[in-house]
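Report on the structure given below.
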Amino acid sequence: MKIHLPKPQPGDIKKVEESERPFGKKNYIAMAVCLVLIVLGFILMAGPGSSVEGGFNPDIFSTRRIVIGPAVTFLGFLLMAFAILFKPSK
């Protein structure tokens, strides 16, 4: 069974105005900054494991990996919610 849809005519396509769009330029910029924060947080949490098989590397408990990295990542996710919900004033 085939469904036949009418072809769109040139006058059928309507340009969406800036005020009708769900996100503005500021939203996209804020979301990009938040994405950079999230990636930076994951980079801060990354690092080498143990160099000796079955050995212990105390560097896995560094402040950068267990405090700063997760805090930056959490801040990025938190601010991303605000960037999505932010509605610029007209």
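Each chain in the structure tokens gets a letter, A, B and so on, in the order shown; residues start at 1 in every chain, and ligands are counted from 1 in the order they appear.
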
Polymer residues at most 12 Å from Val33 of chain A, only C-alpha atoms, same-chain spacing of 3 or more positions, as a short mmCIF file (atom, residue, chain, number, x, y, z; two decimals) with N, CA and C atoms, in the first residue's frame:
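Saved result, around-v7.cif, follows:
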```
data_model
loop_
_atom_site.label_atom_id
_atom_site.label_comp_id
_atom_site.auth_asym_id
_atom_site.auth_seq_id
_atom_site.Cartn_x
_atom_site.Cartn_y
_atom_site.Cartn_z
N LYS A 26 22.25 33.21 22.20
CA LYS A 26 22.84 33.14 23.54
C LYS A 26 22.73 31.73 24.12
N ASN A 27 21.62 31.06 23.83
CA ASN A 27 21.45 29.68 24.31
C ASN A 27 22.52 28.76 23.73
N TYR A 28 22.77 28.88 22.43
CA TYR A 28 23.75 28.02 21.78
C TYR A 28 25.16 28.31 22.29
N ILE A 29 25.47 29.57 22.52
CA ILE A 29 26.79 29.92 23.04
C ILE A 29 26.95 29.37 24.45
N ALA A 30 25.93 29.52 25.29
CA ALA A 30 26.00 29.00 26.66
C ALA A 30 26.10 27.48 26.67
N VAL A 36 32.12 22.45 26.76
CA VAL A 36 33.57 22.54 26.98
C VAL A 36 33.90 22.25 28.43
N LEU A 37 33.09 22.76 29.37
CA LEU A 37 33.31 22.48 30.79
C LEU A 37 33.18 20.99 31.09
N ILE A 38 32.20 20.33 30.50
CA ILE A 38 32.00 18.90 30.73
C ILE A 38 33.19 18.11 30.21
N VAL A 39 33.63 18.42 29.00
CA VAL A 39 34.78 17.72 28.43
C VAL A 39 36.04 17.98 29.25
N LEU A 40 36.23 19.22 29.69
CA LEU A 40 37.38 19.57 30.52
C LEU A 40 37.37 18.78 31.83
N THR A 73 32.88 18.89 35.98
CA THR A 73 31.89 18.17 35.17
C THR A 73 30.47 18.43 35.68
N LEU A 75 29.44 20.97 37.43
CA LEU A 75 29.10 22.37 37.15
C LEU A 75 28.68 22.53 35.69
N GLY A 76 29.36 21.84 34.77
CA GLY A 76 28.99 21.90 33.37
C GLY A 76 27.60 21.36 33.12
N PHE A 77 27.26 20.22 33.74
CA PHE A 77 25.92 19.66 33.58
C PHE A 77 24.86 20.56 34.20
N LEU A 79 25.01 23.88 34.69
CA LEU A 79 24.85 25.07 33.88
C LEU A 79 24.19 24.77 32.53
N MET A 80 24.36 23.54 32.03
CA MET A 80 23.71 23.15 30.78
C MET A 80 22.19 23.21 30.93
N PHE A 82 20.54 25.21 32.88
CA PHE A 82 20.17 26.63 32.84
C PHE A 82 20.29 27.20 31.43
N ALA A 83 21.29 26.75 30.67
CA ALA A 83 21.46 27.24 29.30
C ALA A 83 20.29 26.81 28.42
#
```

Please provide as a ChimeraX atom specification all residues within 12 Å of Gly24 of chain A, with the sequence filter that same-chain residues fewer than 2 positions apart are discarded (counting only C-alpha atoms).
/A:17-22,26-31,83-90

Can you work out the spacing between atom CA of Ile66 of chain A and atom CA of Phe42 of chain A in Å, to one decimal?
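Distance between the two atoms: 10.9 Å.
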
DSSP-assigned alpha helix (DSSP H) members of segment 9-76 of chain A, reported as a PDB file with N, CA and C atoms, in the first residue's frame:
```
ATOM      1  N   LYS A  25      20.652  32.682  19.976  1.00  0.00           N
ATOM      2  CA  LYS A  25      22.103  32.652  19.826  1.00  0.00           C
ATOM      3  C   LYS A  25      22.787  32.521  21.193  1.00  0.00           C
ATOM      4  N   LYS A  26      22.254  33.212  22.196  1.00  0.00           N
ATOM      5  CA  LYS A  26      22.841  33.143  23.539  1.00  0.00           C
ATOM      6  C   LYS A  26      22.730  31.734  24.122  1.00  0.00           C
ATOM      7  N   ASN A  27      21.622  31.056  23.834  1.00  0.00           N
ATOM      8  CA  ASN A  27      21.454  29.681  24.311  1.00  0.00           C
ATOM      9  C   ASN A  27      22.524  28.763  23.732  1.00  0.00           C
ATOM     10  N   TYR A  28      22.765  28.879  22.433  1.00  0.00           N
ATOM     11  CA  TYR A  28      23.751  28.023  21.785  1.00  0.00           C
ATOM     12  C   TYR A  28      25.161  28.311  22.293  1.00  0.00           C
ATOM     13  N   ILE A  29      25.473  29.573  22.516  1.00  0.00           N
ATOM     14  CA  ILE A  29      26.791  29.925  23.043  1.00  0.00           C
ATOM     15  C   ILE A  29      26.954  29.366  24.450  1.00  0.00           C
ATOM     16  N   ALA A  30      25.926  29.517  25.293  1.00  0.00           N
ATOM     17  CA  ALA A  30      25.997  29.002  26.664  1.00  0.00           C
ATOM     18  C   ALA A  30      26.102  27.478  26.669  1.00  0.00           C
ATOM     19  N   MET A  31      25.383  26.797  25.773  1.00  0.00           N
ATOM     20  CA  MET A  31      25.469  25.337  25.715  1.00  0.00           C
ATOM     21  C   MET A  31      26.847  24.884  25.244  1.00  0.00           C
ATOM     22  N   ALA A  32      27.463  25.624  24.332  1.00  0.00           N
ATOM     23  CA  ALA A  32      28.808  25.283  23.878  1.00  0.00           C
ATOM     24  C   ALA A  32      29.827  25.445  25.001  1.00  0.00           C
ATOM     25  N   VAL A  33      29.686  26.513  25.789  1.00  0.00           N
ATOM     26  CA  VAL A  33      30.587  26.723  26.927  1.00  0.00           C
ATOM     27  C   VAL A  33      30.413  25.595  27.947  1.00  0.00           C
ATOM     28  N   CYS A  34      29.184  25.192  28.193  1.00  0.00           N
ATOM     29  CA  CYS A  34      28.925  24.098  29.134  1.00  0.00           C
ATOM     30  C   CYS A  34      29.496  22.780  28.616  1.00  0.00           C
ATOM     31  N   LEU A  35      29.402  22.537  27.338  1.00  0.00           N
ATOM     32  CA  LEU A  35      29.964  21.328  26.757  1.00  0.00           C
ATOM     33  C   LEU A  35      31.484  21.306  26.928  1.00  0.00           C
ATOM     34  N   VAL A  36      32.117  22.447  26.757  1.00  0.00           N
ATOM     35  CA  VAL A  36      33.566  22.543  26.975  1.00  0.00           C
ATOM     36  C   VAL A  36      33.899  22.249  28.435  1.00  0.00           C
ATOM     37  N   LEU A  37      33.088  22.757  29.366  1.00  0.00           N
ATOM     38  CA  LEU A  37      33.306  22.476  30.792  1.00  0.00           C
ATOM     39  C   LEU A  37      33.183  20.988  31.091  1.00  0.00           C
ATOM     40  N   ILE A  38      32.200  20.335  30.503  1.00  0.00           N
ATOM     41  CA  ILE A  38      32.003  18.902  30.733  1.00  0.00           C
ATOM     42  C   ILE A  38      33.195  18.106  30.209  1.00  0.00           C
ATOM     43  N   VAL A  39      33.634  18.421  29.002  1.00  0.00           N
ATOM     44  CA  VAL A  39      34.782  17.719  28.428  1.00  0.00           C
ATOM     45  C   VAL A  39      36.038  17.984  29.251  1.00  0.00           C
ATOM     46  N   LEU A  40      36.231  19.225  29.695  1.00  0.00           N
ATOM     47  CA  LEU A  40      37.384  19.566  30.524  1.00  0.00           C
ATOM     48  C   LEU A  40      37.366  18.783  31.830  1.00  0.00           C
ATOM     49  N   GLY A  41      36.186  18.623  32.427  1.00  0.00           N
ATOM     50  CA  GLY A  41      36.080  17.843  33.652  1.00  0.00           C
ATOM     51  C   GLY A  41      36.479  16.390  33.453  1.00  0.00           C
ATOM     52  N   PHE A  42      36.052  15.802  32.331  1.00  0.00           N
ATOM     53  CA  PHE A  42      36.439  14.414  32.058  1.00  0.00           C
ATOM     54  C   PHE A  42      37.932  14.296  31.776  1.00  0.00           C
ATOM     55  N   ILE A  43      38.493  15.300  31.127  1.00  0.00           N
ATOM     56  CA  ILE A  43      39.945  15.280  30.891  1.00  0.00           C
ATOM     57  C   ILE A  43      40.692  15.379  32.216  1.00  0.00           C
ATOM     58  N   LEU A  44      40.192  16.198  33.139  1.00  0.00           N
ATOM     59  CA  LEU A  44      40.842  16.314  34.447  1.00  0.00           C
ATOM     60  C   LEU A  44      40.755  15.014  35.243  1.00  0.00           C
ATOM     61  N   MET A  45      39.687  14.258  35.038  1.00  0.00           N
ATOM     62  CA  MET A  45      39.552  12.981  35.761  1.00  0.00           C
ATOM     63  C   MET A  45      40.409  11.884  35.143  1.00  0.00           C
ATOM     64  N   THR A  63      43.948  15.055  44.156  1.00  0.00           N
ATOM     65  CA  THR A  63      42.842  16.002  44.286  1.00  0.00           C
ATOM     66  C   THR A  63      42.265  16.369  42.927  1.00  0.00           C
ATOM     67  N   GLY A  69      38.048  17.463  38.966  1.00  0.00           N
ATOM     68  CA  GLY A  69      37.436  16.952  37.736  1.00  0.00           C
ATOM     69  C   GLY A  69      35.933  16.722  37.858  1.00  0.00           C
ATOM     70  N   PRO A  70      35.489  15.967  38.873  1.00  0.00           N
ATOM     71  CA  PRO A  70      34.035  15.780  39.024  1.00  0.00           C
ATOM     72  C   PRO A  70      33.282  17.078  39.314  1.00  0.00           C
ATOM     73  N   ALA A  71      33.892  18.007  40.041  1.00  0.00           N
ATOM     74  CA  ALA A  71      33.227  19.278  40.328  1.00  0.00           C
ATOM     75  C   ALA A  71      33.032  20.090  39.052  1.00  0.00           C
ATOM     76  N   VAL A  72      34.052  20.135  38.188  1.00  0.00           N
ATOM     77  CA  VAL A  72      33.938  20.872  36.928  1.00  0.00           C
ATOM     78  C   VAL A  72      32.890  20.208  36.029  1.00  0.00           C
ATOM     79  N   THR A  73      32.878  18.889  35.985  1.00  0.00           N
ATOM     80  CA  THR A  73      31.891  18.175  35.173  1.00  0.00           C
ATOM     81  C   THR A  73      30.472  18.429  35.680  1.00  0.00           C
ATOM     82  N   PHE A  74      30.284  18.343  36.991  1.00  0.00           N
ATOM     83  CA  PHE A  74      28.964  18.589  37.577  1.00  0.00           C
ATOM     84  C   PHE A  74      28.514  20.022  37.306  1.00  0.00           C
ATOM     85  N   LEU A  75      29.435  20.975  37.425  1.00  0.00           N
ATOM     86  CA  LEU A  75      29.100  22.367  37.146  1.00  0.00           C
ATOM     87  C   LEU A  75      28.678  22.532  35.686  1.00  0.00           C
ATOM     88  N   GLY A  76      29.364  21.836  34.772  1.00  0.00           N
ATOM     89  CA  GLY A  76      28.990  21.901  33.366  1.00  0.00           C
ATOM     90  C   GLY A  76      27.595  21.361  33.115  1.00  0.00           C
TER      91      GLY A  76
END
```

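The residue set within 12 Å of Phe61 of chain A, counting only C-alpha atoms and dropping same-chain residues fewer than 5 places from it, reads Met45, Ala46, Gly47, Pro48, Gly49, Ser50, Phe56, Ile66, Val67, Ile68 and Gly69 of chain A.
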
Take the residues from that selection and write them out as a PDB file, in the first residue's frame, keeping C-alpha atoms.
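The result, stored in again00.pdb:
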```
ATOM      1  CA  MET A  45      39.552  12.981  35.761  1.00  0.00           C
ATOM      2  CA  ALA A  46      41.577  11.005  33.233  1.00  0.00           C
ATOM      3  CA  GLY A  47      45.088   9.879  33.855  1.00  0.00           C
ATOM      4  CA  PRO A  48      47.384   6.923  33.783  1.00  0.00           C
ATOM      5  CA  GLY A  49      46.578   3.837  35.765  1.00  0.00           C
ATOM      6  CA  SER A  50      49.107   1.733  37.542  1.00  0.00           C
ATOM      7  CA  PHE A  56      49.311   0.353  43.485  1.00  0.00           C
ATOM      8  CA  ILE A  66      38.679  12.935  42.607  1.00  0.00           C
ATOM      9  CA  VAL A  67      37.634  16.504  43.494  1.00  0.00           C
ATOM     10  CA  ILE A  68      38.334  19.074  40.786  1.00  0.00           C
ATOM     11  CA  GLY A  69      37.436  16.952  37.736  1.00  0.00           C
TER      12      GLY A  69
END
```

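Interatomic distance, atom CA of Arg65 of chain A against atom CA of Ala81 of chain A: 24.1 Å.
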